[in-house]
file my_file-v7.cif (mmCIF, C-alpha atoms, pLDDT in the B column; chains and numbers go by the auth columns)
data_final
#
loop_
_atom_site.group_PDB
_atom_site.id
_atom_site.type_symbol
_atom_site.label_atom_id
_atom_site.label_comp_id
_atom_site.label_asym_id
_atom_site.label_seq_id
_atom_site.Cartn_x
_atom_site.Cartn_y
_atom_site.Cartn_z
_atom_site.B_iso_or_equiv
_atom_site.auth_seq_id
_atom_site.auth_asym_id
ATOM 1 C CA ARG A 1 31.067 0.066 8.906 73.00 704 A
ATOM 2 C CA GLU A 2 33.684 -2.611 9.315 75.00 705 A
ATOM 3 C CA VAL A 3 32.878 -5.801 11.191 73.00 706 A
ATOM 4 C CA GLN A 4 35.463 -8.474 11.809 73.00 707 A
ATOM 5 C CA PHE A 5 34.567 -12.130 11.268 72.00 708 A
ATOM 6 C CA GLY A 6 32.667 -13.364 14.338 72.00 709 A
ATOM 7 C CA GLN A 7 32.051 -9.910 15.817 74.00 710 A
ATOM 8 C CA SER A 8 28.703 -8.292 16.541 74.00 711 A
ATOM 9 C CA ILE A 9 27.435 -5.799 13.977 77.00 712 A
ATOM 10 C CA GLY A 10 26.556 -3.462 16.847 80.00 713 A
ATOM 11 C CA ILE A 11 23.635 -1.064 16.938 84.00 714 A
ATOM 12 C CA LEU A 12 22.140 -0.488 13.488 86.00 715 A
ATOM 13 C CA PRO A 13 21.090 3.003 12.423 87.00 716 A
ATOM 14 C CA LYS A 14 17.434 3.686 13.237 87.00 717 A
ATOM 15 C CA LEU A 15 15.166 3.945 10.212 87.00 718 A
ATOM 16 C CA THR A 16 13.322 7.077 11.256 77.00 719 A
ATOM 17 C CA VAL A 17 12.447 8.556 7.873 74.00 720 A
ATOM 18 C CA GLU A 18 9.733 6.777 5.932 76.00 721 A
ATOM 19 C CA PRO A 19 10.196 6.891 2.141 83.00 722 A
ATOM 20 C CA THR A 20 7.785 9.184 0.333 89.00 723 A
ATOM 21 C CA GLU A 21 6.401 9.678 -3.163 90.00 724 A
ATOM 22 C CA VAL A 22 5.178 12.889 -4.733 90.00 725 A
ATOM 23 C CA TYR A 23 1.414 13.055 -5.271 91.00 726 A
ATOM 24 C CA ASN A 24 -0.250 16.259 -6.511 91.00 727 A
ATOM 25 C CA GLY A 25 2.965 18.152 -5.723 93.00 728 A
ATOM 26 C CA GLU A 26 3.076 16.936 -2.106 92.00 729 A
ATOM 27 C CA LYS A 27 5.426 14.397 -0.510 92.00 730 A
ATOM 28 C CA ILE A 28 3.313 11.577 0.950 91.00 731 A
ATOM 29 C CA PRO A 29 4.644 8.686 3.088 91.00 732 A
ATOM 30 C CA VAL A 30 3.680 5.477 1.273 92.00 733 A
ATOM 31 C CA TYR A 31 5.912 2.976 3.097 91.00 734 A
ATOM 32 C CA GLU A 32 6.146 1.937 6.750 90.00 735 A
ATOM 33 C CA ASN A 33 7.759 -0.549 9.150 89.00 736 A
ATOM 34 C CA GLY A 34 11.336 -0.158 7.975 91.00 737 A
ATOM 35 C CA ALA A 35 13.839 -2.849 8.982 92.00 738 A
ATOM 36 C CA TRP A 36 17.299 -4.118 8.010 91.00 739 A
ATOM 37 C CA TYR A 37 17.667 -7.315 5.939 91.00 740 A
ATOM 38 C CA ARG A 38 20.523 -9.434 4.565 86.00 741 A
ATOM 39 C CA THR A 39 18.939 -9.557 1.088 88.00 742 A
ATOM 40 C CA PRO A 40 16.814 -7.136 -0.950 92.00 743 A
ATOM 41 C CA TYR A 41 13.962 -9.683 -0.716 91.00 744 A
ATOM 42 C CA LYS A 42 13.211 -9.540 3.034 89.00 745 A
ATOM 43 C CA THR A 43 14.338 -13.127 3.542 87.00 746 A
ATOM 44 C CA THR A 44 16.495 -12.672 6.649 87.00 747 A
ATOM 45 C CA LYS A 45 16.094 -9.788 9.086 89.00 748 A
ATOM 46 C CA VAL A 46 19.222 -8.326 10.693 87.00 749 A
ATOM 47 C CA THR A 47 18.959 -7.218 14.317 83.00 750 A
ATOM 48 C CA ASP A 48 21.093 -5.054 16.591 82.00 751 A
ATOM 49 C CA ASN A 49 24.183 -6.753 18.053 75.00 752 A
ATOM 50 C CA GLU A 50 23.680 -9.839 15.879 71.00 753 A
ATOM 51 C CA LEU A 51 26.753 -11.971 15.349 62.00 754 A
ATOM 52 C CA TYR A 52 27.263 -11.545 11.647 61.00 755 A
ATOM 53 C CA TRP A 53 29.466 -14.271 10.143 61.00 756 A
ATOM 54 C CA ILE A 54 30.945 -12.708 7.053 62.00 757 A
ATOM 55 C CA ASP A 55 33.992 -13.528 4.995 65.00 758 A
ATOM 56 C CA ARG A 56 33.667 -10.787 2.356 68.00 759 A
ATOM 57 C CA ASP A 57 32.158 -7.352 1.846 76.00 760 A
ATOM 58 C CA THR A 58 28.443 -7.547 2.577 78.00 761 A
ATOM 59 C CA THR A 59 25.526 -5.199 2.110 84.00 762 A
ATOM 60 C CA ILE A 60 22.502 -5.026 4.363 86.00 763 A
ATOM 61 C CA TYR A 61 19.329 -3.423 3.066 91.00 764 A
ATOM 62 C CA ALA A 62 16.859 -0.986 4.606 91.00 765 A
ATOM 63 C CA LEU A 63 13.481 -2.272 3.414 93.00 766 A
ATOM 64 C CA TYR A 64 9.940 -1.119 4.106 92.00 767 A
ATOM 65 C CA ASP A 65 6.404 -2.462 3.793 92.00 768 A
ATOM 66 C CA LYS A 66 4.049 -0.707 1.431 92.00 769 A
ATOM 67 C CA LYS A 67 1.542 1.329 3.403 94.00 770 A
ATOM 68 C CA LEU A 68 -2.010 0.104 2.787 96.00 771 A
ATOM 69 C CA PHE A 69 -4.943 2.475 2.408 97.00 772 A
ATOM 70 C CA THR A 70 -8.633 1.595 2.745 98.00 773 A
ATOM 71 C CA VAL A 71 -11.153 1.649 -0.106 98.00 774 A
ATOM 72 C CA THR A 72 -14.760 1.907 1.098 98.00 775 A
ATOM 73 C CA PHE A 73 -17.555 1.136 -1.356 98.00 776 A
ATOM 74 C CA HIS A 74 -20.873 2.981 -1.227 98.00 777 A
ATOM 75 C CA THR A 75 -23.278 0.979 -3.379 98.00 778 A
ATOM 76 C CA GLY A 76 -26.284 3.260 -3.027 96.00 779 A
ATOM 77 C CA THR A 77 -28.505 0.387 -1.921 95.00 780 A
ATOM 78 C CA PRO A 78 -28.793 -1.632 1.294 94.00 781 A
ATOM 79 C CA ASP A 79 -29.152 -4.794 -0.824 93.00 782 A
ATOM 80 C CA ILE A 80 -25.491 -4.771 -1.910 96.00 783 A
ATOM 81 C CA ASN A 81 -22.724 -4.654 0.695 96.00 784 A
ATOM 82 C CA LEU A 82 -19.058 -4.848 -0.271 97.00 785 A
ATOM 83 C CA GLU A 83 -16.170 -5.382 2.117 97.00 786 A
ATOM 84 C CA PRO A 84 -13.554 -2.609 2.192 98.00 787 A
ATOM 85 C CA GLN A 85 -10.266 -3.306 0.432 98.00 788 A
ATOM 86 C CA ARG A 86 -6.736 -2.522 1.640 98.00 789 A
ATOM 87 C CA VAL A 87 -4.592 -1.369 -1.289 98.00 790 A
ATOM 88 C CA ALA A 88 -1.120 0.175 -1.656 96.00 791 A
ATOM 89 C CA PHE A 89 -0.451 3.452 -3.483 95.00 792 A
ATOM 90 C CA LYS A 90 -0.480 3.152 -7.314 95.00 793 A
ATOM 91 C CA GLU A 91 -1.822 -0.396 -7.226 96.00 794 A
ATOM 92 C CA LYS A 92 -4.996 -1.370 -9.058 97.00 795 A
ATOM 93 C CA VAL A 93 -8.211 -1.344 -7.029 98.00 796 A
ATOM 94 C CA TYR A 94 -10.567 -4.210 -7.796 97.00 797 A
ATOM 95 C CA THR A 95 -13.858 -2.477 -8.600 97.00 798 A
ATOM 96 C CA PRO A 96 -16.637 -4.992 -9.192 96.00 799 A
ATOM 97 C CA THR A 97 -19.364 -4.502 -11.760 96.00 800 A
ATOM 98 C CA LEU A 98 -22.670 -4.565 -9.902 97.00 801 A
ATOM 99 C CA TYR A 99 -26.150 -5.757 -10.829 96.00 802 A
ATOM 100 C CA ARG A 100 -29.401 -4.375 -9.444 94.00 803 A
ATOM 101 C CA GLU A 101 -32.920 -5.133 -10.685 94.00 804 A
ATOM 102 C CA GLY A 102 -34.391 -2.185 -12.640 95.00 805 A
ATOM 103 C CA TYR A 103 -31.091 -0.261 -12.896 96.00 806 A
ATOM 104 C CA THR A 104 -28.019 -0.066 -15.086 97.00 807 A
ATOM 105 C CA PHE A 105 -24.693 0.157 -13.271 97.00 808 A
ATOM 106 C CA LYS A 106 -22.622 3.041 -14.734 97.00 809 A
ATOM 107 C CA GLY A 107 -19.383 2.666 -12.758 97.00 810 A
ATOM 108 C CA TRP A 108 -17.520 3.909 -9.691 98.00 811 A
ATOM 109 C CA TYR A 109 -16.918 7.553 -8.798 98.00 812 A
ATOM 110 C CA THR A 110 -14.787 9.310 -6.195 98.00 813 A
ATOM 111 C CA ASP A 111 -17.606 11.666 -5.235 98.00 814 A
ATOM 112 C CA SER A 112 -21.249 11.142 -4.329 97.00 815 A
ATOM 113 C CA GLU A 113 -22.369 13.562 -7.094 97.00 816 A
ATOM 114 C CA TRP A 114 -20.740 11.275 -9.760 97.00 817 A
ATOM 115 C CA LYS A 115 -18.607 14.038 -11.264 97.00 818 A
ATOM 116 C CA ASN A 116 -15.236 12.245 -11.044 97.00 819 A
ATOM 117 C CA ALA A 117 -15.029 8.744 -12.503 98.00 820 A
ATOM 118 C CA PHE A 118 -12.524 6.512 -10.707 98.00 821 A
ATOM 119 C CA ASN A 119 -9.467 5.658 -12.835 96.00 822 A
ATOM 120 C CA GLY A 120 -8.652 2.380 -11.031 96.00 823 A
ATOM 121 C CA GLU A 121 -5.356 3.444 -9.404 96.00 824 A
ATOM 122 C CA MET A 122 -5.075 3.788 -5.641 97.00 825 A
ATOM 123 C CA PRO A 123 -4.143 7.272 -4.347 96.00 826 A
ATOM 124 C CA PRO A 124 -1.966 7.613 -1.211 95.00 827 A
ATOM 125 C CA LYS A 125 -4.957 8.096 1.094 95.00 828 A
ATOM 126 C CA ASN A 126 -8.138 6.320 2.135 97.00 829 A
ATOM 127 C CA LEU A 127 -10.689 6.326 -0.652 98.00 830 A
ATOM 128 C CA ASP A 128 -14.490 6.325 -0.822 98.00 831 A
ATOM 129 C CA LEU A 129 -16.043 5.047 -4.060 98.00 832 A
ATOM 130 C CA TYR A 130 -19.667 5.621 -5.017 98.00 833 A
ATOM 131 C CA ALA A 131 -21.685 3.415 -7.377 98.00 834 A
ATOM 132 C CA ARG A 132 -23.661 5.227 -10.050 98.00 835 A
ATOM 133 C CA TRP A 133 -27.002 3.773 -11.106 97.00 836 A
ATOM 134 C CA ILE A 134 -29.338 4.803 -13.944 96.00 837 A
ATOM 135 C CA ASP A 135 -32.998 3.732 -14.083 94.00 838 A
ATOM 136 C CA LYS A 136 -33.649 1.324 -16.947 89.00 839 A
#

call {"tool": "encode", "arguments": {"input": "my_file-v7.cif", "output": "structure tokens"}}
result
Amino acid sequence: REVQFGQSIGILPKLTVEPTEVYNGEKIPVYENGAWYRTPYKTTKVTDNELYWIDRDTTIYALYDKKLFTVTFHTGTPDINLEPQRVAFKEKVYTPTLYREGYTFKGWYTDSEWKNAFNGEMPPKNLDLYARWIDK
């Protein structure tokens, strides 16, 4: 749209569609809280009817926050409690190596039967991880 120097930018288009990514063949929303900004770095938010002092062509950017999903750790023992983590899609999940007297820690799994070892990358959904222990 055209805005003359010293005029209001008017009502900005509503950001109603959240960007998605394809995961297992399905489109999943992985961003939220869209807003308009003067730079692609979220430094200055642009609001409806703002007086926008421009003297050349200018771009405003529709930017979103990464949606955070929760990782819950099931340690298999009441002696070890880990706080849940909030992690964005495709980011690395910090999975600590655990120690327990009389056992060897064998890693984190996405199922309580320890059939699927966790690969370290956050899926676009909440995640439960299960510690696997082997008697020494």

call {"tool": "resolve_selection", "arguments": {"input": "my_file-v7.cif", "expression": "the PyMOL selection byres ((chain A and resi 731) around 12)", "output": "JSON list (two decimals) with C-alpha atoms, in the frame of the given file"}}
result
[["chain", "number", "residue", "atom", "x", "y", "z"],
["A", 720, "VAL", "CA", 12.45, 8.56, 7.87],
["A", 721, "GLU", "CA", 9.73, 6.78, 5.93],
["A", 722, "PRO", "CA", 10.20, 6.89, 2.14],
["A", 723, "THR", "CA", 7.78, 9.18, 0.33],
["A", 724, "GLU", "CA", 6.40, 9.68, -3.16],
["A", 725, "VAL", "CA", 5.18, 12.89, -4.73],
["A", 726, "TYR", "CA", 1.41, 13.06, -5.27],
["A", 727, "ASN", "CA", -0.25, 16.26, -6.51],
["A", 728, "GLY", "CA", 2.96, 18.15, -5.72],
["A", 729, "GLU", "CA", 3.08, 16.94, -2.11],
["A", 730, "LYS", "CA", 5.43, 14.40, -0.51],
["A", 732, "PRO", "CA", 4.64, 8.69, 3.09],
["A", 733, "VAL", "CA", 3.68, 5.48, 1.27],
["A", 734, "TYR", "CA", 5.91, 2.98, 3.10],
["A", 735, "GLU", "CA", 6.15, 1.94, 6.75],
["A", 770, "LYS", "CA", 1.54, 1.33, 3.40],
["A", 792, "PHE", "CA", -0.45, 3.45, -3.48],
["A", 826, "PRO", "CA", -4.14, 7.27, -4.35],
["A", 827, "PRO", "CA", -1.97, 7.61, -1.21],
["A", 828, "LYS", "CA", -4.96, 8.10, 1.09]]

call {"tool": "closest_residue", "arguments": {"input": "my_file-v7.cif", "among": "A:Thr773, A:Gly737, A:Tyr744, A:Val749", "to": "Ser711 in chain A", "atoms": "all atoms listed in the file"}}
result
A:Val749

call {"tool": "atom_distance", "arguments": {"input": "my_file-v7.cif", "atom1": "CA of Pro787 in chain A", "atom2": "CA of Thr813 in chain A"}}
result
14.6 Å

call {"tool": "residues_near_point", "arguments": {"input": "my_file-v7.cif", "point": "(10.6, -1.8, 5.8)", "cutoff": "9 Å", "atoms": "only C-alpha atoms", "output": "list of chain:residue names"}}
result
A:Leu718, A:Glu721, A:Tyr734, A:Glu735, A:Asn736, A:Gly737, A:Ala738, A:Trp739, A:Tyr740, A:Lys745, A:Ala765, A:Leu766, A:Tyr767, A:Asp768, A:Lys769

call {"tool": "resolve_selection", "arguments": {"input": "my_file-v7.cif", "expression": "the PyMOL selection byres ((chain A and resi 794) around 12)", "output": "count of residues only"}}
result
21
